[in-house]
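*Asks:* Contents of coords-v5.json (JSON, C-alpha atoms) are below:
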[["chain", "number", "residue", "atom", "x", "y", "z"],
["O", 1, "MET", "CA", -17.75, -1.01, -44.96],
["O", 2, "THR", "CA", -14.82, 0.79, -43.26],
["O", 3, "THR", "CA", -11.34, 0.62, -44.74],
["O", 4, "ARG", "CA", -8.46, 1.60, -42.49],
["O", 5, "LEU", "CA", -4.98, 2.71, -43.59],
["O", 6, "TYR", "CA", -1.92, 2.33, -41.40],
["O", 7, "THR", "CA", 1.32, 4.13, -42.17],
["O", 8, "HIS", "CA", 4.02, 6.02, -40.23],
["O", 9, "PRO", "CA", 6.80, 8.56, -41.00],
["O", 10, "VAL", "CA", 9.44, 6.13, -39.71],
["O", 11, "PHE", "CA", 8.90, 3.99, -42.80],
["O", 12, "LEU", "CA", 10.58, 6.78, -44.80],
["O", 13, "GLU", "CA", 13.62, 6.56, -42.53],
["O", 14, "HIS", "CA", 14.50, 2.99, -43.47],
["O", 15, "LEU", "CA", 17.25, 3.96, -45.90],
["O", 16, "THR", "CA", 18.73, 2.00, -48.79],
["O", 17, "PRO", "CA", 21.72, 2.81, -51.02],
["O", 18, "PRO", "CA", 21.32, 5.29, -53.89],
["O", 19, "GLY", "CA", 19.65, 3.64, -56.87],
["O", 20, "HIS", "CA", 18.12, 0.84, -54.77],
["O", 21, "PRO", "CA", 14.60, 0.02, -56.01],
["O", 22, "GLU", "CA", 13.14, -0.40, -52.50],
["O", 23, "ARG", "CA", 13.33, 3.28, -51.57],
["O", 24, "PRO", "CA", 11.38, 5.80, -49.48],
["O", 25, "ASP", "CA", 9.91, 7.41, -52.60],
["O", 26, "ARG", "CA", 7.67, 4.36, -52.92],
["O", 27, "LEU", "CA", 5.67, 5.43, -49.89],
["O", 28, "ARG", "CA", 5.70, 9.07, -50.97],
["O", 29, "ALA", "CA", 4.09, 8.02, -54.26],
["O", 30, "ILE", "CA", 1.42, 6.08, -52.36],
["O", 31, "GLU", "CA", 0.81, 8.99, -50.00],
["O", 32, "ARG", "CA", 0.30, 11.38, -52.93],
["O", 33, "VAL", "CA", -2.20, 9.17, -54.73],
["O", 34, "LEU", "CA", -4.19, 8.48, -51.56],
["O", 35, "ASP", "CA", -4.39, 12.21, -50.83],
["O", 36, "ASP", "CA", -6.93, 12.49, -53.65],
["O", 37, "ASP", "CA", -10.44, 13.51, -52.59],
["O", 38, "SER", "CA", -11.76, 10.14, -53.71],
["O", 39, "PHE", "CA", -10.01, 8.61, -50.67],
["O", 40, "SER", "CA", -11.35, 11.12, -48.14],
["O", 41, "ALA", "CA", -13.37, 8.39, -46.38],
["O", 42, "LEU", "CA", -10.26, 6.29, -45.74],
["O", 43, "ASP", "CA", -9.74, 5.89, -41.98],
["O", 44, "ARG", "CA", -6.08, 6.90, -41.55],
["O", 45, "VAL", "CA", -4.29, 5.76, -38.39],
["O", 46, "LYS", "CA", -0.66, 6.14, -37.33],
["O", 47, "ALA", "CA", 0.93, 2.71, -37.12],
["O", 48, "PRO", "CA", 1.93, 1.52, -33.64],
["O", 49, "GLU", "CA", 5.14, -0.29, -32.78],
["O", 50, "ALA", "CA", 4.73, -4.01, -32.17],
["O", 51, "ASP", "CA", 5.30, -5.85, -28.97],
["O", 52, "GLU", "CA", 8.69, -7.22, -30.00],
["O", 53, "ALA", "CA", 7.80, -10.60, -28.51],
["O", 54, "THR", "CA", 5.46, -11.12, -31.46],
["O", 55, "ILE", "CA", 8.44, -11.31, -33.82],
["O", 56, "LEU", "CA", 9.16, -14.66, -32.17],
["O", 57, "TYR", "CA", 5.89, -15.99, -33.58],
["O", 58, "ALA", "CA", 7.72, -16.51, -36.89],
["O", 59, "HIS", "CA", 11.45, -16.18, -36.12],
["O", 60, "PRO", "CA", 13.73, -17.69, -33.45],
["O", 61, "GLN", "CA", 15.29, -15.50, -30.78],
["O", 62, "ASP", "CA", 18.87, -15.86, -32.02],
["O", 63, "PHE", "CA", 17.90, -14.67, -35.49],
["O", 64, "VAL", "CA", 16.05, -11.66, -34.09],
["O", 65, "ALA", "CA", 19.11, -10.82, -32.01],
["O", 66, "ARG", "CA", 21.35, -11.04, -35.08],
["O", 67, "VAL", "CA", 19.16, -8.65, -37.04],
["O", 68, "ARG", "CA", 19.08, -6.19, -34.17],
["O", 69, "ALA", "CA", 22.85, -6.35, -33.79],
["O", 70, "ALA", "CA", 23.28, -5.62, -37.51],
["O", 71, "ILE", "CA", 21.47, -2.25, -37.29],
["O", 72, "PRO", "CA", 24.16, 0.46, -37.60],
["O", 73, "GLU", "CA", 24.48, 3.60, -35.50],
["O", 74, "SER", "CA", 25.07, 5.57, -38.69],
["O", 75, "GLY", "CA", 25.19, 5.03, -42.42],
["O", 76, "ILE", "CA", 23.87, 2.04, -44.33],
["O", 77, "VAL", "CA", 25.05, -1.56, -43.97],
["O", 78, "SER", "CA", 24.42, -4.58, -46.17],
["O", 79, "ILE", "CA", 22.59, -7.57, -44.69],
["O", 80, "ASP", "CA", 23.05, -9.38, -48.00],
["O", 81, "ALA", "CA", 23.58, -8.32, -51.61],
["O", 82, "ASP", "CA", 20.04, -6.95, -51.85],
["O", 83, "THR", "CA", 19.08, -6.11, -48.28],
["O", 84, "SER", "CA", 20.21, -3.06, -46.33],
["O", 85, "ALA", "CA", 19.75, -1.55, -42.89],
["O", 86, "SER", "CA", 20.15, 1.96, -41.53],
["O", 87, "PRO", "CA", 19.77, 3.41, -37.99],
["O", 88, "LYS", "CA", 15.96, 3.55, -38.16],
["O", 89, "SER", "CA", 15.47, 0.18, -39.86],
["O", 90, "TRP", "CA", 14.73, -1.69, -36.63],
["O", 91, "GLN", "CA", 12.03, 0.78, -35.64],
["O", 92, "ALA", "CA", 10.58, 0.72, -39.16],
["O", 93, "ALA", "CA", 10.43, -3.08, -39.22],
["O", 94, "VAL", "CA", 8.91, -3.30, -35.73],
["O", 95, "THR", "CA", 6.34, -0.62, -36.64],
["O", 96, "ALA", "CA", 5.43, -2.50, -39.83],
["O", 97, "ILE", "CA", 4.76, -5.55, -37.67],
["O", 98, "GLY", "CA", 2.82, -3.42, -35.20],
["O", 99, "ALA", "CA", 0.64, -2.07, -38.00],
["O", 100, "ALA", "CA", -0.08, -5.57, -39.33],
["O", 101, "ASN", "CA", -0.96, -6.87, -35.87],
["O", 102, "ALA", "CA", -3.17, -3.84, -35.18],
["O", 103, "ALA", "CA", -4.90, -4.47, -38.51],
["O", 104, "VAL", "CA", -5.64, -8.02, -37.39],
["O", 105, "ASP", "CA", -7.11, -6.65, -34.16],
["O", 106, "ASP", "CA", -9.21, -4.17, -36.14],
["O", 107, "VAL", "CA", -10.88, -6.74, -38.36],
["O", 108, "PHE", "CA", -11.52, -9.20, -35.54],
["O", 109, "ASP", "CA", -12.81, -6.53, -33.14],
["O", 110, "GLY", "CA", -15.01, -4.84, -35.76],
["O", 111, "ARG", "CA", -13.21, -1.49, -36.00],
["O", 112, "ALA", "CA", -12.69, -2.03, -39.73],
["O", 113, "SER", "CA", -13.88, -4.44, -42.37],
["O", 114, "ASN", "CA", -10.51, -4.40, -44.10],
["O", 115, "VAL", "CA", -7.15, -2.69, -43.68],
["O", 116, "PHE", "CA", -4.27, -1.68, -45.94],
["O", 117, "VAL", "CA", -0.83, -1.31, -44.36],
["O", 118, "ALA", "CA", 1.52, 0.97, -46.33],
["O", 119, "ALA", "CA", 4.82, 0.06, -44.69],
["O", 120, "ARG", "CA", 8.41, -0.74, -45.47],
["O", 121, "PRO", "CA", 10.62, -2.70, -45.35],
["O", 122, "PRO", "CA", 8.60, -5.48, -47.01],
["O", 123, "GLY", "CA", 8.56, -8.94, -45.49],
["O", 124, "HIS", "CA", 7.66, -11.94, -47.62],
["O", 125, "HIS", "CA", 11.21, -13.02, -48.51],
["O", 126, "ALA", "CA", 12.31, -13.24, -44.86],
["O", 127, "GLU", "CA", 12.64, -16.91, -43.93],
["O", 128, "LYS", "CA", 12.65, -18.27, -40.39],
["O", 129, "THR", "CA", 16.37, -17.58, -39.96],
["O", 130, "THR", "CA", 17.33, -15.49, -43.01],
["O", 131, "ALA", "CA", 16.80, -11.82, -43.85],
["O", 132, "MET", "CA", 16.88, -11.40, -47.62],
["O", 133, "GLY", "CA", 15.22, -9.85, -50.66],
["O", 134, "PHE", "CA", 14.86, -6.37, -49.08],
["O", 135, "CYS", "CA", 13.11, -8.01, -46.07],
["O", 136, "LEU", "CA", 14.19, -8.21, -42.41],
["O", 137, "PHE", "CA", 11.19, -9.94, -40.79],
["O", 138, "ASN", "CA", 8.19, -11.69, -42.30],
["O", 139, "THR", "CA", 5.38, -9.32, -41.40],
["O", 140, "ALA", "CA", 2.61, -11.39, -43.00],
["O", 141, "ALA", "CA", 3.69, -14.56, -41.22],
["O", 142, "ILE", "CA", 3.83, -12.80, -37.86],
["O", 143, "ALA", "CA", 0.36, -11.32, -38.44],
["O", 144, "ALA", "CA", -1.04, -14.75, -39.29],
["O", 145, "ARG", "CA", 0.39, -16.26, -36.12],
["O", 146, "TYR", "CA", -0.84, -13.24, -34.15],
["O", 147, "ALA", "CA", -4.38, -13.87, -35.42],
["O", 148, "GLN", "CA", -4.13, -17.45, -34.27],
["O", 149, "LYS", "CA", -2.72, -16.65, -30.83],
["O", 150, "LYS", "CA", -4.69, -13.48, -30.01],
["O", 151, "HIS", "CA", -8.00, -14.15, -31.77],
["O", 152, "GLN", "CA", -8.05, -17.97, -31.88],
["O", 153, "ALA", "CA", -8.22, -18.02, -35.67],
["O", 154, "GLU", "CA", -8.10, -21.67, -36.65],
["O", 155, "ARG", "CA", -7.23, -21.12, -40.31],
["O", 156, "VAL", "CA", -5.48, -18.15, -41.96],
["O", 157, "ALA", "CA", -4.97, -17.79, -45.70],
["O", 158, "ILE", "CA", -2.11, -15.68, -47.08],
["O", 159, "VAL", "CA", -2.45, -14.74, -50.75],
["O", 160, "ASP", "CA", 0.73, -13.34, -52.30],
["O", 161, "TRP", "CA", 0.48, -11.67, -55.71],
["O", 162, "ASP", "CA", 3.91, -10.04, -55.61],
["O", 163, "VAL", "CA", 5.78, -10.85, -58.82],
["O", 164, "HIS", "CA", 8.53, -12.53, -56.76],
["O", 165, "HIS", "CA", 7.70, -15.74, -54.92],
["O", 166, "GLY", "CA", 7.38, -15.35, -51.15],
["O", 167, "ASN", "CA", 9.94, -17.96, -50.24],
["O", 168, "GLY", "CA", 10.01, -16.75, -46.65],
["O", 169, "THR", "CA", 6.31, -17.23, -46.06],
["O", 170, "GLN", "CA", 6.48, -20.64, -47.69],
["O", 171, "ASP", "CA", 9.46, -21.58, -45.50],
["O", 172, "ILE", "CA", 7.74, -20.55, -42.28],
["O", 173, "PHE", "CA", 4.48, -22.41, -42.96],
["O", 174, "TRP", "CA", 5.85, -25.33, -44.99],
["O", 175, "ASP", "CA", 4.59, -28.00, -42.61],
["O", 176, "ASP", "CA", 1.68, -26.13, -41.01],
["O", 177, "PRO", "CA", -1.75, -27.01, -42.44],
["O", 178, "SER", "CA", -3.43, -24.28, -40.34],
["O", 179, "VAL", "CA", -2.05, -21.63, -42.73],
["O", 180, "LEU", "CA", -2.78, -21.69, -46.46],
["O", 181, "TYR", "CA", -0.19, -19.95, -48.64],
["O", 182, "CYS", "CA", -1.13, -19.17, -52.25],
["O", 183, "SER", "CA", 1.24, -17.35, -54.59],
["O", 184, "THR", "CA", 1.15, -16.06, -58.15],
["O", 185, "HIS", "CA", 4.62, -15.02, -59.32],
["O", 186, "GLN", "CA", 6.91, -14.95, -62.31],
["O", 187, "MET", "CA", 9.08, -18.02, -62.80],
["O", 188, "PRO", "CA", 11.98, -18.17, -63.44],
["O", 189, "LEU", "CA", 12.84, -15.15, -61.30],
["O", 190, "TYR", "CA", 14.33, -14.33, -57.91],
["O", 191, "PRO", "CA", 14.39, -16.11, -55.46],
["O", 192, "GLY", "CA", 14.07, -19.28, -57.56],
["O", 193, "THR", "CA", 11.40, -20.98, -55.47],
["O", 194, "GLY", "CA", 7.69, -21.39, -56.13],
["O", 195, "ALA", "CA", 7.27, -24.39, -58.43],
["O", 196, "LYS", "CA", 3.85, -26.05, -58.56],
["O", 197, "SER", "CA", 5.47, -29.17, -57.06],
["O", 198, "GLU", "CA", 6.26, -27.27, -53.83],
["O", 199, "THR", "CA", 3.15, -28.10, -51.79],
["O", 200, "GLY", "CA", 4.32, -28.35, -48.16],
["O", 201, "ALA", "CA", 1.74, -30.17, -46.06],
["O", 202, "GLY", "CA", -0.82, -29.66, -48.83],
["O", 203, "ASN", "CA", -1.16, -26.04, -47.71],
["O", 204, "ILE", "CA", 1.16, -24.45, -50.29],
["O", 205, "VAL", "CA", -0.41, -23.50, -53.63],
["O", 206, "ASN", "CA", 2.01, -22.02, -56.15],
["O", 207, "ALA", "CA", 0.81, -20.68, -59.49],
["O", 208, "PRO", "CA", 3.97, -19.67, -61.38],
["O", 209, "LEU", "CA", 3.59, -17.46, -64.45],
["O", 210, "ALA", "CA", 5.93, -17.37, -67.42],
["O", 211, "PRO", "CA", 7.67, -14.10, -68.35],
["O", 212, "ARG", "CA", 5.51, -11.74, -70.47],
["O", 213, "THR", "CA", 2.33, -13.26, -69.04],
["O", 214, "GLY", "CA", -0.57, -10.80, -69.00],
["O", 215, "SER", "CA", -3.99, -10.37, -67.47],
["O", 216, "GLU", "CA", -5.62, -13.48, -68.94],
["O", 217, "LEU", "CA", -3.20, -16.01, -67.49],
["O", 218, "PHE", "CA", -2.93, -14.18, -64.16],
["O", 219, "ARG", "CA", -6.71, -14.21, -63.77],
["O", 220, "ASP", "CA", -6.85, -17.83, -64.87],
["O", 221, "ALA", "CA", -4.31, -18.73, -62.16],
["O", 222, "PHE", "CA", -6.56, -17.06, -59.60],
["O", 223, "LEU", "CA", -9.72, -18.71, -60.88],
["O", 224, "SER", "CA", -8.26, -22.19, -61.32],
["O", 225, "ARG", "CA", -5.83, -22.48, -58.38],
["O", 226, "VAL", "CA", -5.98, -19.70, -55.80],
["O", 227, "LEU", "CA", -9.70, -19.15, -55.31],
["O", 228, "PRO", "CA", -10.70, -22.85, -55.24],
["O", 229, "SER", "CA", -8.01, -23.43, -52.62],
["O", 230, "ILE", "CA", -9.40, -20.63, -50.46],
["O", 231, "ASP", "CA", -12.93, -21.97, -50.82],
["O", 232, "ALA", "CA", -11.81, -25.44, -49.77],
["O", 233, "PHE", "CA", -9.81, -24.03, -46.83],
["O", 234, "ALA", "CA", -12.52, -21.63, -45.57],
["O", 235, "PRO", "CA", -10.17, -19.30, -43.67],
["O", 236, "ASP", "CA", -11.09, -17.18, -40.66],
["O", 237, "LEU", "CA", -8.87, -14.38, -42.03],
["O", 238, "ILE", "CA", -7.33, -13.50, -45.39],
["O", 239, "ILE", "CA", -4.01, -11.69, -45.49],
["O", 240, "ILE", "CA", -2.74, -10.30, -48.80],
["O", 241, "SER", "CA", 0.97, -9.93, -49.45],
["O", 242, "ALA", "CA", 0.22, -7.08, -51.82],
["O", 243, "GLY", "CA", 3.19, -6.54, -54.09],
["O", 244, "PHE", "CA", 2.49, -4.48, -57.19],
["O", 245, "ASP", "CA", 5.64, -5.34, -59.16],
["O", 246, "ALA", "CA", 3.71, -7.54, -61.59],
["O", 247, "HIS", "CA", 2.56, -4.24, -63.15],
["O", 248, "HIS", "CA", 3.72, -3.88, -66.74],
["O", 249, "ARG", "CA", 5.76, -0.77, -65.91],
["O", 250, "ASP", "CA", 7.84, -2.43, -63.19],
["O", 251, "PRO", "CA", 11.58, -2.69, -63.91],
["O", 252, "LEU", "CA", 12.29, -5.86, -61.88],
["O", 253, "ALA", "CA", 10.12, -8.38, -63.74],
["O", 254, "GLU", "CA", 8.28, -9.17, -66.96],
["O", 255, "ILE", "CA", 4.64, -9.71, -66.03],
["O", 256, "ASN", "CA", 2.27, -7.36, -67.82],
["O", 257, "LEU", "CA", -0.56, -6.62, -65.42],
["O", 258, "THR", "CA", -2.46, -3.35, -65.13],
["O", 259, "GLU", "CA", -4.08, -1.69, -62.15],
["O", 260, "ASP", "CA", -7.40, -3.20, -63.33],
["O", 261, "ASP", "CA", -6.00, -6.65, -62.58],
["O", 262, "PHE", "CA", -5.24, -5.68, -58.99],
["O", 263, "ASP", "CA", -8.73, -4.18, -58.67],
["O", 264, "TRP", "CA", -10.20, -7.47, -59.94],
["O", 265, "ALA", "CA", -8.03, -9.69, -57.71],
["O", 266, "THR", "CA", -8.89, -7.54, -54.69],
["O", 267, "GLY", "CA", -12.58, -7.94, -55.42],
["O", 268, "GLN", "CA", -12.24, -11.70, -55.76],
["O", 269, "LEU", "CA", -10.52, -11.96, -52.38],
["O", 270, "MET", "CA", -13.06, -9.64, -50.76],
["O", 271, "GLU", "CA", -15.82, -11.90, -52.02],
["O", 272, "ARG", "CA", -14.09, -14.90, -50.40],
["O", 273, "ALA", "CA", -13.55, -12.94, -47.19],
["O", 274, "GLY", "CA", -17.26, -12.19, -47.15],
["O", 275, "ARG", "CA", -18.09, -15.85, -47.79],
["O", 276, "HIS", "CA", -15.72, -17.43, -45.27],
["O", 277, "SER", "CA", -14.09, -14.85, -43.01],
["O", 278, "GLY", "CA", -16.69, -12.37, -41.84],
["O", 279, "ASN", "CA", -15.20, -9.88, -44.35],
["O", 280, "ARG", "CA", -11.91, -9.95, -42.40],
["O", 281, "LEU", "CA", -9.15, -9.00, -44.82],
["O", 282, "VAL", "CA", -5.75, -7.40, -44.13],
["O", 283, "SER", "CA", -3.49, -6.22, -46.97],
["O", 284, "LEU", "CA", 0.23, -5.61, -46.47],
["O", 285, "LEU", "CA", 2.39, -3.75, -48.98],
["O", 286, "GLU", "CA", 5.23, -5.81, -50.40],
["O", 287, "GLY", "CA", 6.94, -4.88, -53.71],
["O", 288, "GLY", "CA", 6.28, -2.45, -56.53],
["O", 289, "TYR", "CA", 9.16, -0.37, -57.85],
["O", 290, "ASP", "CA", 7.91, 1.80, -60.68],
["O", 291, "LEU", "CA", 6.43, 4.77, -58.84],
["O", 292, "GLN", "CA", 3.60, 5.43, -61.29],
["O", 293, "GLY", "CA", 2.68, 1.77, -61.63],
["O", 294, "LEU", "CA", 2.79, 1.40, -57.85],
["O", 295, "ALA", "CA", 0.67, 4.48, -57.19],
["O", 296, "PHE", "CA", -1.99, 3.58, -59.76],
["O", 297, "SER", "CA", -2.13, -0.02, -58.55],
["O", 298, "VAL", "CA", -2.43, 0.92, -54.88],
["O", 299, "ALA", "CA", -5.17, 3.41, -55.78],
["O", 300, "ALA", "CA", -7.10, 0.64, -57.56],
["O", 301, "HIS", "CA", -6.53, -1.81, -54.70],
["O", 302, "VAL", "CA", -7.53, 0.56, -51.91],
["O", 303, "GLY", "CA", -10.41, 1.92, -53.96],
["O", 304, "ARG", "CA", -11.79, -1.60, -54.30],
["O", 305, "LEU", "CA", -11.34, -2.24, -50.58],
["O", 306, "MET", "CA", -13.37, 0.89, -49.86],
["O", 307, "LYS", "CA", -16.16, -0.03, -52.28],
["O", 308, "GLY", "CA", -16.91, -3.30, -50.61]]
Starting from the file, lay out its structure as structure tokens.

*Replies:*
Amino acid sequence: MTTRLYTHPVFLEHLTPPGHPERPDRLRAIERVLDDDSFSALDRVKAPEADEATILYAHPQDFVARVRAAIPESGIVSIDADTSASPKSWQAAVTAIGAANAAVDDVFDGRASNVFVAARPPGHHAEKTTAMGFCLFNTAAIAARYAQKKHQAERVAIVDWDVHHGNGTQDIFWDDPSVLYCSTHQMPLYPGTGAKSETGAGNIVNAPLAPRTGSELFRDAFLSRVLPSIDAFAPDLIIISAGFDAHHRDPLAEINLTEDDFDWATGQLMERAGRHSGNRLVSLLEGGYDLQGLAFSVAAHVGRLMKG
């Protein structure tokens, strides 16, 4: 069982305004915790930039052009009230996509059993034609399409345990039964989507959680809704939109999970990847804004990936 890690210094150069929760220190906290000797066997690889044509797998050309035109030559600009861009943001976003696509190659070509991509900006709020929620492009959606186009994957499952609903991923795959999207998230909460009644073409499985929900109800949502859906779908690849802002320390929500819950959920998805997907599992960092909660949760997640 080989676990690969992709990251890149450019991810630190995607700058946000002072006090913004989605900040470079998030990756520094992850880097510190993964420097522990217990992660010495982690296969660390510098993330490559994507072929920019792959962005078009999930977003139309005119939208991509608008995002590129919004990147400033200096300073920080606002894309919307929550989303910012700085001079290196384009390169960071394209490298995040490159890392996700390379991770897909790795698990299909046998270079790794699973991969964790520690990148920013995150992606799951980016809709087909809208950058929002700290996200410019939908990295998970592009990676799913890449798996289908490059490796002839017939079915890809995306499991999103970020505390905020991945409206962008849902938007992109709303009417596409070849991609299963399952999400646990707090509701009500930004962005306001993710009701159980939102089912797309029968491929959207939302499991909203009430504020102050803890481990028991989160695990029940996995056991009763997410995992049975994956078993019925039998995907060729599982992609995790791995946000860690459902941790009880996180300032942006009110779900009370611990790192043990992320360890458990990771193990459950690894078991399904072993059952259906030839162990092929790719995990992409999304949210997580308390540095200690993020670091401990990523350590538990990556540690479980490495254990097999």

*Asks:* Can you build me a table of region 119-210 of chain O residues sitting at most 9 Å from region 47-62 of chain O, with the closest atom pair per residue and its distance in Å to one decimal, using all atoms listed in the file, sorted by chain and residue number, as JSON lines?

*Replies:*
{"residue": "O:Ala119", "atom": "CA", "partner": "O:Ala47", "partner_atom": "CA", "distance": 8.9}
{"residue": "O:Glu127", "atom": "CA", "partner": "O:His59", "partner_atom": "CA", "distance": 7.9}
{"residue": "O:Lys128", "atom": "CA", "partner": "O:His59", "partner_atom": "CA", "distance": 4.9}
{"residue": "O:Thr129", "atom": "CA", "partner": "O:His59", "partner_atom": "CA", "distance": 6.4}
{"residue": "O:Phe137", "atom": "CA", "partner": "O:Ile55", "partner_atom": "CA", "distance": 7.6}
{"residue": "O:Asn138", "atom": "CA", "partner": "O:Ala58", "partner_atom": "CA", "distance": 7.3}
{"residue": "O:Thr139", "atom": "CA", "partner": "O:Ile55", "partner_atom": "CA", "distance": 8.4}
{"residue": "O:Ala141", "atom": "CA", "partner": "O:Ala58", "partner_atom": "CA", "distance": 6.2}
{"residue": "O:Ile142", "atom": "CA", "partner": "O:Ala58", "partner_atom": "CA", "distance": 5.5}
{"residue": "O:Ala143", "atom": "CA", "partner": "O:Thr54", "partner_atom": "CA", "distance": 8.6}
{"residue": "O:Arg145", "atom": "CA", "partner": "O:Tyr57", "partner_atom": "CA", "distance": 6.1}
{"residue": "O:Tyr146", "atom": "CA", "partner": "O:Thr54", "partner_atom": "CA", "distance": 7.2}
{"residue": "O:Ile172", "atom": "CA", "partner": "O:Ala58", "partner_atom": "CA", "distance": 6.7}

*Asks:* How would you write as a ChimeraX atom specification the residues that get within 10 Å of (-6.9, -16.7, -35.1) in the file's frame, counting only C-alpha atoms?

*Replies:* /O:104,108,143-156,178,235-237

*Asks:* CA of Val45 (chain O) and CA of Ala102 (chain O) are how many Å apart?

*Replies:*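 So the answer is 10.2 Å.
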
*Asks:* Counting only C-alpha atoms, which of O:Ala234, O:Phe262, O:Tyr289, O:Asn203 gets nearest to Pro24 (chain O)?

*Replies:*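 The closest residue to Pro24 (chain O) is O:Tyr289.
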
*Asks:* Which of these, O:Ile230, O:Ala195, O:Val298, O:Cys182, has the shortest distance to Asp260 (chain O) once you count only C-alpha atoms?

*Replies:*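 So, comparing all the options, the nearest one is O:Val298.
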
*Asks:* Could you please determine the separation between CA of Leu294 (chain O) and CA of Gly214 (chain O) in Å, to one decimal place?

*Replies:* 16.9 Å

*Asks:* Nearest to Gly192 (chain O) among O:Arg44, O:His247, O:His164, O:His20, with distances taken over all atoms listed in the file: which residue is it?

*Replies:*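 Of O:Arg44, O:His247, O:His164, O:His20, the one nearest Gly192 (chain O), counting all atoms listed in the file, is O:His164.
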
*Asks:* Could you work out how far CA of Glu271 (chain O) lies from CA of Arg4 (chain O), giving the answer in Å with one decimal?

*Replies:*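 Separation of CA of Arg4 (chain O) and CA of Glu271 (chain O): 18.1 Å.
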
*Asks:* Considering all atoms listed in the file, state which residue in the set O:Ala100, O:Asp105, O:Gly75, O:Leu136 is at the smallest distance from Phe63 (chain O).

*Replies:*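 Looking only at the distances to Phe63 (chain O), the closest residue turns out to be O:Leu136.
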
*Asks:* Restricting the calculation to only C-alpha atoms, which member of O:Val179, O:Gly287, O:Gly293, O:Ala131 is positioned closest to Val64 (chain O)?

*Replies:*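 Closest to Val64 (chain O), using only C-alpha atoms: O:Ala131.
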
*Asks:* Mind listing whatever residues come within 12 Å of the point (18.2, 2.5, -42.2)? Use all atoms listed in the file, file coordinates, and give them as a ChimeraX atom specification.

*Replies:* /O:10-17,22-24,68,70-79,83-93,120-121,134,136

*Asks:* Find the residues around Ile30 (chain O) up to 12 Å (all atoms listed in the file counted), leave out those fewer than 6 positions away in its own chain, and share them as a ChimeraX atom specification.

*Replies:* /O:5,7,12,24,36,39,116-120,244,285,288-302

*Asks:* Excluding Arg272 (chain O) and its own-chain neighbours fewer than 4 positions away, which residues fall within 8 Å of it when counting only C-alpha atoms? Please give them as a PyMOL selection string.

*Replies:* chain O and resi 227+230-231+268+276-277+279

*Asks:* Deliver the residues from the most recent selection as a file, using C-alpha atoms, as an mmCIF file, in the coordinates of the input.

*Replies:*
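Resulting contents of result_22.cif:
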data_model
loop_
_atom_site.group_PDB
_atom_site.id
_atom_site.type_symbol
_atom_site.label_atom_id
_atom_site.label_comp_id
_atom_site.auth_asym_id
_atom_site.auth_seq_id
_atom_site.Cartn_x
_atom_site.Cartn_y
_atom_site.Cartn_z
ATOM 1 C CA LEU O 227 -9.700 -19.150 -55.310
ATOM 2 C CA ILE O 230 -9.400 -20.630 -50.460
ATOM 3 C CA ASP O 231 -12.930 -21.970 -50.820
ATOM 4 C CA GLN O 268 -12.240 -11.700 -55.760
ATOM 5 C CA HIS O 276 -15.720 -17.430 -45.270
ATOM 6 C CA SER O 277 -14.090 -14.850 -43.010
ATOM 7 C CA ASN O 279 -15.200 -9.880 -44.350
#

*Asks:* So, counting all atoms listed in the file, which residue among O:Leu217, O:Cys135, O:Val107, O:Ile240 is closest to Tyr181 (chain O)?

*Replies:*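 Comparing O:Leu217, O:Cys135, O:Val107, O:Ile240 against Tyr181 (chain O), the winner is O:Ile240.
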
*Asks:* Could you give me the axis-aligned bounding box of region 244-261 of chain O, with 3 Å of padding per side, as centre plus edge lengths in Å to one decimal, as JSON?

*Replies:*
{"center_x": 2.4, "center_y": -5.2, "center_z": -62.5, "size_x": 25.7, "size_y": 14.9, "size_z": 16.6}

*Asks:* Write out as a PDB file with C-alpha atoms, in the coordinates of the input which residues come within 6 Å of His185 (chain O) when counting only C-alpha atoms, dropping same-chain ones fewer than 5 positions away.

*Replies:*
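Result went into out-v6.pdb, see below:
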ATOM      1  CA  VAL O 163       5.780 -10.850 -58.820  1.00  0.00           C
ATOM      2  CA  HIS O 164       8.530 -12.530 -56.760  1.00  0.00           C
ATOM      3  CA  HIS O 165       7.700 -15.740 -54.920  1.00  0.00           C
ATOM      4  CA  PRO O 208       3.970 -19.670 -61.380  1.00  0.00           C
ATOM      5  CA  LEU O 209       3.590 -17.460 -64.450  1.00  0.00           C
TER       6      LEU O 209
END
